[in-house]
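This is final.cif (mmCIF, C-alpha atoms).
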data_data
#
loop_
_atom_site.label_atom_id
_atom_site.label_comp_id
_atom_site.auth_asym_id
_atom_site.auth_seq_id
_atom_site.Cartn_x
_atom_site.Cartn_y
_atom_site.Cartn_z
CA MET Y 10 0.00 0.00 0.00
CA GLY Y 11 1.48 3.31 -1.09
CA MET Y 12 1.57 6.48 0.96
CA LEU Y 13 -0.94 8.19 -1.33
CA ASP Y 14 -3.58 5.45 -1.21
CA ARG Y 15 -5.17 6.75 1.99
CA TYR Y 16 -5.50 10.24 0.48
CA LYS Y 17 -7.09 9.26 -2.82
CA LYS Y 18 -10.58 9.38 -1.34
CA LYS Y 19 -12.66 12.56 -1.55
CA GLY Y 20 -11.16 15.26 0.64
CA GLY Y 21 -7.85 13.43 0.88
CA PHE Y 22 -5.97 15.95 -1.24
CA PHE Y 23 -6.86 18.76 1.14
CA GLN Y 24 -5.86 16.66 4.16
CA LEU Y 25 -2.47 15.97 2.61
CA LEU Y 26 -2.08 19.62 1.67
CA GLN Y 27 -2.73 20.67 5.27
CA LEU Y 28 -0.20 18.13 6.48
CA LEU Y 29 2.41 19.61 4.16
CA GLU Y 30 1.59 23.21 5.07
CA THR Y 31 1.95 22.54 8.79
CA SER Y 32 5.23 20.62 8.41
CA PRO Y 33 8.69 22.20 8.71
CA ALA Y 34 10.26 23.01 5.34
CA ALA Y 35 12.74 20.11 5.43
CA LYS Y 36 10.06 17.60 6.39
CA ARG Y 37 7.74 19.00 3.74
CA GLU Y 38 10.33 18.47 1.02
CA GLN Y 39 10.88 14.94 2.27
CA PHE Y 40 7.15 14.22 2.05
CA LEU Y 41 6.94 15.75 -1.42
CA GLY Y 42 9.85 13.61 -2.56
CA LEU Y 43 8.05 10.47 -1.40
CA ILE Y 44 4.83 11.62 -3.06
CA GLY Y 45 6.66 12.38 -6.30
CA GLY Y 46 8.09 8.88 -6.27
CA GLU Y 47 4.55 7.48 -6.31
CA SER Y 48 2.87 10.09 -8.49
CA PRO Y 49 4.54 13.10 -10.10
CA ALA Y 50 1.06 14.46 -10.87
CA TRP Y 51 0.16 14.57 -7.17
CA GLU Y 52 3.46 16.17 -6.26
CA GLU Y 53 3.03 18.87 -8.89
CA ALA Y 54 -0.58 19.58 -7.87
CA LEU Y 55 0.36 19.81 -4.19
CA ARG Y 56 3.39 22.04 -4.74
CA LYS Y 57 1.25 24.34 -6.84
CA ARG Y 58 -1.33 24.77 -4.07
CA ILE Y 59 0.79 25.04 -0.93
CA LEU Y 60 -0.19 28.26 0.81
CA THR Y 61 2.75 30.40 1.89
CA ILE Y 62 2.89 33.76 3.61
CA THR Y 63 4.72 35.19 0.58
CA ARG Y 64 1.81 34.11 -1.60
CA VAL Y 65 -0.71 35.69 0.78
CA TYR Y 66 1.25 38.95 0.88
CA SER Y 67 1.07 39.08 -2.93
CA TRP Y 68 -2.73 39.28 -2.91
CA ASP Y 69 -4.62 42.45 -3.64
CA GLY Y 70 -5.35 44.87 -0.82
CA GLN Y 71 -9.10 44.28 -1.01
CA TYR Y 72 -8.48 40.68 0.07
CA LEU Y 73 -5.68 41.41 2.52
CA VAL Y 74 -7.94 43.74 4.50
CA GLU Y 75 -10.35 40.83 5.01
CA ILE Y 76 -7.49 38.83 6.53
CA PHE Y 77 -5.65 41.53 8.47
CA SER Y 78 -8.85 42.81 10.07
CA ARG Y 79 -9.69 39.32 11.38
CA VAL Y 80 -6.38 38.02 12.73
CA GLN Y 81 -5.09 39.07 16.14
CA PRO Y 82 -3.16 42.36 15.81
CA LEU Y 83 -0.18 40.96 17.75
CA THR Y 84 -0.06 37.92 15.47
CA LEU Y 85 0.06 40.17 12.43
CA ALA Y 86 2.62 42.49 14.03
CA ASN Y 87 4.95 39.61 14.90
CA ALA Y 88 4.51 38.02 11.48
CA LEU Y 89 5.54 41.29 9.82
CA HIS Y 90 8.31 42.08 12.28
CA GLY Y 91 11.70 42.39 10.58
CA ASN Y 92 10.26 42.64 7.09
CA PRO Y 93 11.45 45.53 4.87
CA GLN Y 94 9.70 48.76 5.83
CA GLU Y 95 8.61 49.34 2.25
CA GLN Y 96 6.85 45.97 2.19
CA VAL Y 97 5.20 46.57 5.58
CA ASP Y 98 3.89 49.96 4.43
CA GLN Y 99 2.57 48.45 1.23
CA LEU Y 100 0.82 45.58 3.01
CA LEU Y 101 -0.72 47.70 5.75
CA ALA Y 102 -1.94 50.33 3.28
CA CYS Y 103 -5.17 48.35 2.96
CA LEU Y 104 -6.05 49.05 6.61
CA PRO Y 105 -7.63 52.22 7.98
CA PRO Y 106 -5.15 54.61 9.64
CA ILE Y 107 -6.22 53.67 13.19
CA SER Y 108 -5.66 49.95 12.62
CA LYS Y 109 -2.43 50.51 10.73
CA ARG Y 110 -1.01 52.65 13.54
CA LYS Y 111 -1.96 49.99 16.08
CA ILE Y 112 -0.01 47.34 14.17
CA THR Y 113 3.05 49.54 13.61
CA ASP Y 114 3.09 50.52 17.30
CA MET Y 115 3.02 46.85 18.26
CA MET Y 116 5.82 46.11 15.83
CA ALA Y 117 7.92 48.87 17.39
CA GLU Y 118 7.29 47.61 20.92
CA SER Y 119 7.67 43.87 20.33
CA ALA Y 120 10.83 41.92 19.64
CA PRO Y 121 9.76 38.39 18.69
CA THR Y 122 12.34 35.66 18.30
CA ALA Y 123 12.66 33.85 14.98
CA ALA Y 124 10.67 30.97 16.46
CA GLU Y 125 7.90 33.30 17.66
CA LYS Y 126 7.71 34.99 14.27
CA SER Y 127 7.52 31.60 12.57
CA THR Y 128 4.74 30.53 14.93
CA CYS Y 129 2.74 33.68 14.15
CA ILE Y 130 3.17 33.14 10.41
CA SER Y 131 1.94 29.55 10.78
CA LYS Y 132 -1.02 30.77 12.81
CA MET Y 133 -1.87 33.34 10.15
CA LEU Y 134 -1.72 30.74 7.39
CA SER Y 135 -3.94 28.44 9.43
CA GLU Y 136 -6.46 31.25 9.87
CA VAL Y 137 -6.33 32.09 6.16
CA ARG Y 138 -7.16 28.45 5.40
CA GLY Y 139 -10.09 28.84 7.77
CA PHE Y 140 -11.26 31.97 5.95
CA ILE Y 141 -11.04 30.04 2.69
CA SER Y 142 -13.15 27.20 4.12
CA GLN Y 143 -15.71 29.73 5.39
CA GLY Y 144 -15.93 31.42 2.00
CA ILE Y 145 -14.55 34.74 3.28
CA ILE Y 146 -11.64 34.31 0.88
CA ARG Y 147 -12.58 32.72 -2.44
CA LEU Y 148 -9.46 31.41 -4.10
CA GLU Y 149 -11.07 31.13 -7.52
CA LYS Y 150 -11.19 34.95 -7.48
CA VAL Y 151 -8.23 35.82 -5.27
CA ASP Y 152 -5.64 33.35 -6.55
CA PRO Y 153 -7.08 30.83 -9.04
CA GLU Y 154 -3.88 28.74 -9.11
CA LEU Y 155 -4.43 27.81 -5.46
CA HIS Y 156 -8.06 26.81 -5.97
CA ILE Y 157 -8.75 23.12 -5.33
CA PRO Y 158 -11.36 21.57 -7.66
CA GLU Y 159 -13.98 19.52 -5.84
CA ASN Y 160 -13.07 16.35 -7.75
CA ILE Y 161 -9.31 16.84 -7.74
CA GLU Y 162 -8.62 13.31 -6.49
CA GLU Y 163 -10.45 11.87 -9.52
CA MET Y 164 -8.68 14.29 -11.85
CA LEU Y 165 -5.29 13.25 -10.50
CA SER Y 166 -6.16 9.56 -10.76
CA VAL Y 167 -6.98 10.03 -14.44
CA ASN Y 168 -3.88 12.15 -14.99
CA ALA Y 169 -1.67 9.54 -13.36
CA PHE Y 170 -2.44 7.08 -16.15
CA ALA Y 171 -2.68 9.55 -19.01
CA THR Y 172 -0.17 9.33 -21.83
CA PRO Y 173 0.70 12.27 -24.07
CA THR Y 174 -0.59 12.19 -27.62
CA PHE Y 175 1.01 13.89 -30.58
CA ASP Y 176 -0.91 14.93 -33.65
CA SER Y 177 0.92 14.90 -36.95
CA GLU Y 178 -0.92 18.03 -38.03
CA PRO Y 179 -2.44 20.77 -35.90
CA VAL Y 180 -6.22 20.70 -35.93
CA ALA Y 181 -7.92 24.00 -36.54
CA LYS Y 182 -10.11 25.11 -33.65
CA LYS Y 183 -13.79 25.33 -34.35
CA ASP Y 184 -15.59 28.61 -33.87
CA SER Y 185 -12.31 30.43 -33.51
CA LYS Y 186 -12.73 34.14 -33.11
CA PRO Y 187 -11.65 36.27 -36.08
CA ASN Y 188 -8.71 38.54 -35.61
CA ILE Y 189 -10.44 41.85 -35.04
CA VAL Y 190 -8.38 44.95 -35.69
CA GLY Y 191 -7.92 46.93 -32.51
CA ASP Y 192 -8.16 43.96 -30.11
CA SER Y 193 -4.46 44.15 -29.39
CA ASP Y 194 -4.26 47.93 -29.37
CA PRO Y 195 -1.68 48.78 -26.67
CA ALA Y 196 -3.55 51.94 -25.72
CA SER Y 197 -6.77 49.99 -25.12
CA GLN Y 198 -4.95 47.37 -23.09
CA GLN Y 199 -3.27 50.03 -20.99
CA GLU Y 200 -6.60 51.73 -20.35
CA ASN Y 201 -8.20 48.43 -19.34
CA GLU Y 202 -5.37 47.70 -16.92
CA PHE Y 203 -5.71 51.17 -15.42
CA LEU Y 204 -9.46 50.72 -14.94
CA LYS Y 205 -8.94 47.31 -13.32
CA ARG Y 206 -6.41 48.76 -10.89
CA LYS Y 207 -8.77 51.65 -10.12
CA VAL Y 208 -11.66 49.28 -9.39
CA ASN Y 209 -9.46 47.19 -7.09
CA GLN Y 210 -8.24 50.30 -5.33
CA LEU Y 211 -11.78 51.58 -4.78
CA ALA Y 212 -12.92 48.19 -3.51
CA SER Y 213 -10.00 48.13 -1.08
CA GLU Y 214 -10.86 51.62 0.17
CA VAL Y 215 -14.50 50.64 0.68
CA ASN Y 216 -13.48 47.59 2.71
CA ALA Y 217 -11.09 49.69 4.77
CA LEU Y 218 -13.81 52.27 5.50
CA LYS Y 219 -16.22 49.52 6.52
CA HIS Y 220 -13.64 48.16 8.94
CA GLU Y 221 -12.89 51.63 10.34
CA ASN Y 222 -16.62 52.24 10.78
CA SER Y 223 -16.90 48.97 12.70
CA VAL Y 224 -13.99 49.97 14.97
CA LEU Y 225 -15.56 53.37 15.67
CA LYS Y 226 -18.93 51.76 16.44
CA ASP Y 227 -17.27 49.47 18.97
CA LYS Y 228 -15.55 52.43 20.62
CA LEU Y 229 -18.80 54.40 20.73
CA SER Y 230 -20.54 51.42 22.30
CA GLN Y 231 -17.84 51.20 24.98
CA ILE Y 232 -18.11 54.93 25.70
CA LYS Y 233 -21.89 54.61 26.10
CA LYS Y 234 -21.42 51.76 28.57
CA ILE Y 235 -19.00 53.84 30.63
CA ALA Y 236 -21.35 56.83 30.55
#

Would you mind writing the structure in this file as structure tokens?
Amino acid sequence: MGMLDRYKKKGGFFQLLQLLETSPAAKREQFLGLIGGESPAWEEALRKRILTITRVYSWDGQYLVEIFSRVQPLTLANALHGNPQEQVDQLLACLPPISKRKITDMMAESAPTAAEKSTCISKMLSEVRGFISQGIIRLEKVDPELHIPENIEEMLSVNAFATPTFDSEPVAKKDSKPNIVGDSDPASQQENEFLKRKVNQLASEVNALKHENSVLKDKLSQIKKIA
């Protein structure tokens, strides 16, 4: 019985992925080597979907605010501690000023060890996985490469026995779109990219304002209780 056999049932891929994500780097590589020996397709699929803090930090601000506003501030502060200031500023830009200042103050006051920082990063990744399971973060929109198809175990089983085929002549695609003049206009592409960035920026600002409003409501509620 191979190592992978127990994970080939429905949900097994995710279980194995979680095992890899919570393992130390050296142990993870050892596991992946064993997996690759049994099925290169499984190894490739797992490597492709391992969630890392670097990957999370690369997400758009509108998604980062959903994460940063839910994790413990000290966890976030310790996870970011020691990172380049430029990166910290860029990552925390998604938060409202009050929340951002709270995190930066904590970073200035705390001095986590390498082990403590690593623990906080692991905790953050675990929470992000939880947000994904809850539907707060939808990988198919945020980071499609990390998305796990529902029937991935079946797909990998088929792929494991697939053999490449080579056609002697390329087959023309049916219903192929005609080459319309202007489709590849650099100016149009640049404008589209600008509009996309603007939409993402506005969405991020809306989320940040919602979070700030929630913080202010909590403070107002506390003041009323004291009064």

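The shortest atom-to-atom distance to Y:Val65, with all atoms listed in the file taken into account, belongs to Y:Glu136 out of Y:Glu47, Y:Asp114, Y:Asp14, Y:Glu136.
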
Which residues of stretch 115-177 of chain Y come within 12 Å of stretch 89-100 of chain Y, and for each one, what is the closest pair of atoms and their distance in Å to one decimal, counting all atoms listed in the file, sorted by chain and residue number, as CSV?
residue,atom,partner,partner_atom,distance
Y:Met115,CA,Y:His90,CA,9.3
Y:Met116,CA,Y:His90,CA,5.9
Y:Ala117,CA,Y:His90,CA,8.5
Y:Glu118,CA,Y:His90,CA,10.3
Y:Ser119,CA,Y:His90,CA,8.3
Y:Ala120,CA,Y:His90,CA,7.8
Y:Pro121,CA,Y:His90,CA,7.5
Y:Thr122,CA,Y:His90,CA,9.7
Y:Ala123,CA,Y:Gly91,CA,9.7
Y:Glu125,CA,Y:His90,CA,10.3
Y:Lys126,CA,Y:His90,CA,7.4
Y:Ser127,CA,Y:Leu89,CA,10.3
Y:Thr128,CA,Y:Leu89,CA,11.9
Y:Cys129,CA,Y:Leu89,CA,9.2
Y:Ile130,CA,Y:Leu89,CA,8.5
Y:Met133,CA,Y:Leu89,CA,10.9

Between Y:Ile59, Y:Cys103, Y:Ile141, Y:Lys18, which is the closest to Y:Leu73 once you count all atoms listed in the file?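 Going through Y:Ile59, Y:Cys103, Y:Ile141, Y:Lys18 one by one, the smallest distance to Y:Leu73 is for Y:Cys103.
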
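One distance worth recording is that between atom CA of Y:Ala86 and atom CA of Y:Ile112, which is 5.5 Å.
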
Show which residues sit within 9 Å of Y:Ser135, as a list in words. Count only C-alpha atoms, and ignore same-chain residues fewer than 5 positions away. Gln27, Glu30, Thr31, Ile130 and Phe140 of chain Y

Expressed in Å, the length from atom CA of Y:Gly20 to atom CA of Y:Ile76 is 24.6 Å

Shortest interatomic distance to Y:Gly144 - which of Y:Ile232, Y:Leu13, Y:Pro33, Y:Glu75, counting only C-alpha atoms: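 The answer is Y:Glu75, which sits nearest to Y:Gly144.
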
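One distance worth recording is that between atom CA of Y:Glu53 and atom CA of Y:Leu41, which is 9.0 Å.
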
Taking only C-alpha atoms into account, name the residue in Y:Lys111, Y:Lys19, Y:Arg138, Y:Arg56 that is nearest to Y:Pro158.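 Ranked by minimum distance to Y:Pro158, first place goes to Y:Lys19.
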
What lies within 8 Å of Y:Gly21 using all atoms listed in the file, ignoring chain neighbours under 5 positions off, as a VMD selection string? chain Y and resid 15 to 16 162

Among Y:Ile146, Y:Ile161, Y:Leu134, Y:Ile235, Y:Thr84 is approached most closely, using only C-alpha atoms, by Y:Leu134

Nearest candidate to Y:Leu43 (options Y:Gly11, Y:Phe22, Y:Ala88, Y:Ser78; using only C-alpha atoms): Y:Gly11

Skipping near chain neighbours, those fewer than 4 positions away, what residues fall within 8 Å of Y:Arg58 using only C-alpha atoms, listed as an MDAnalysis selection string? chainID Y and resid 26 54 154:157
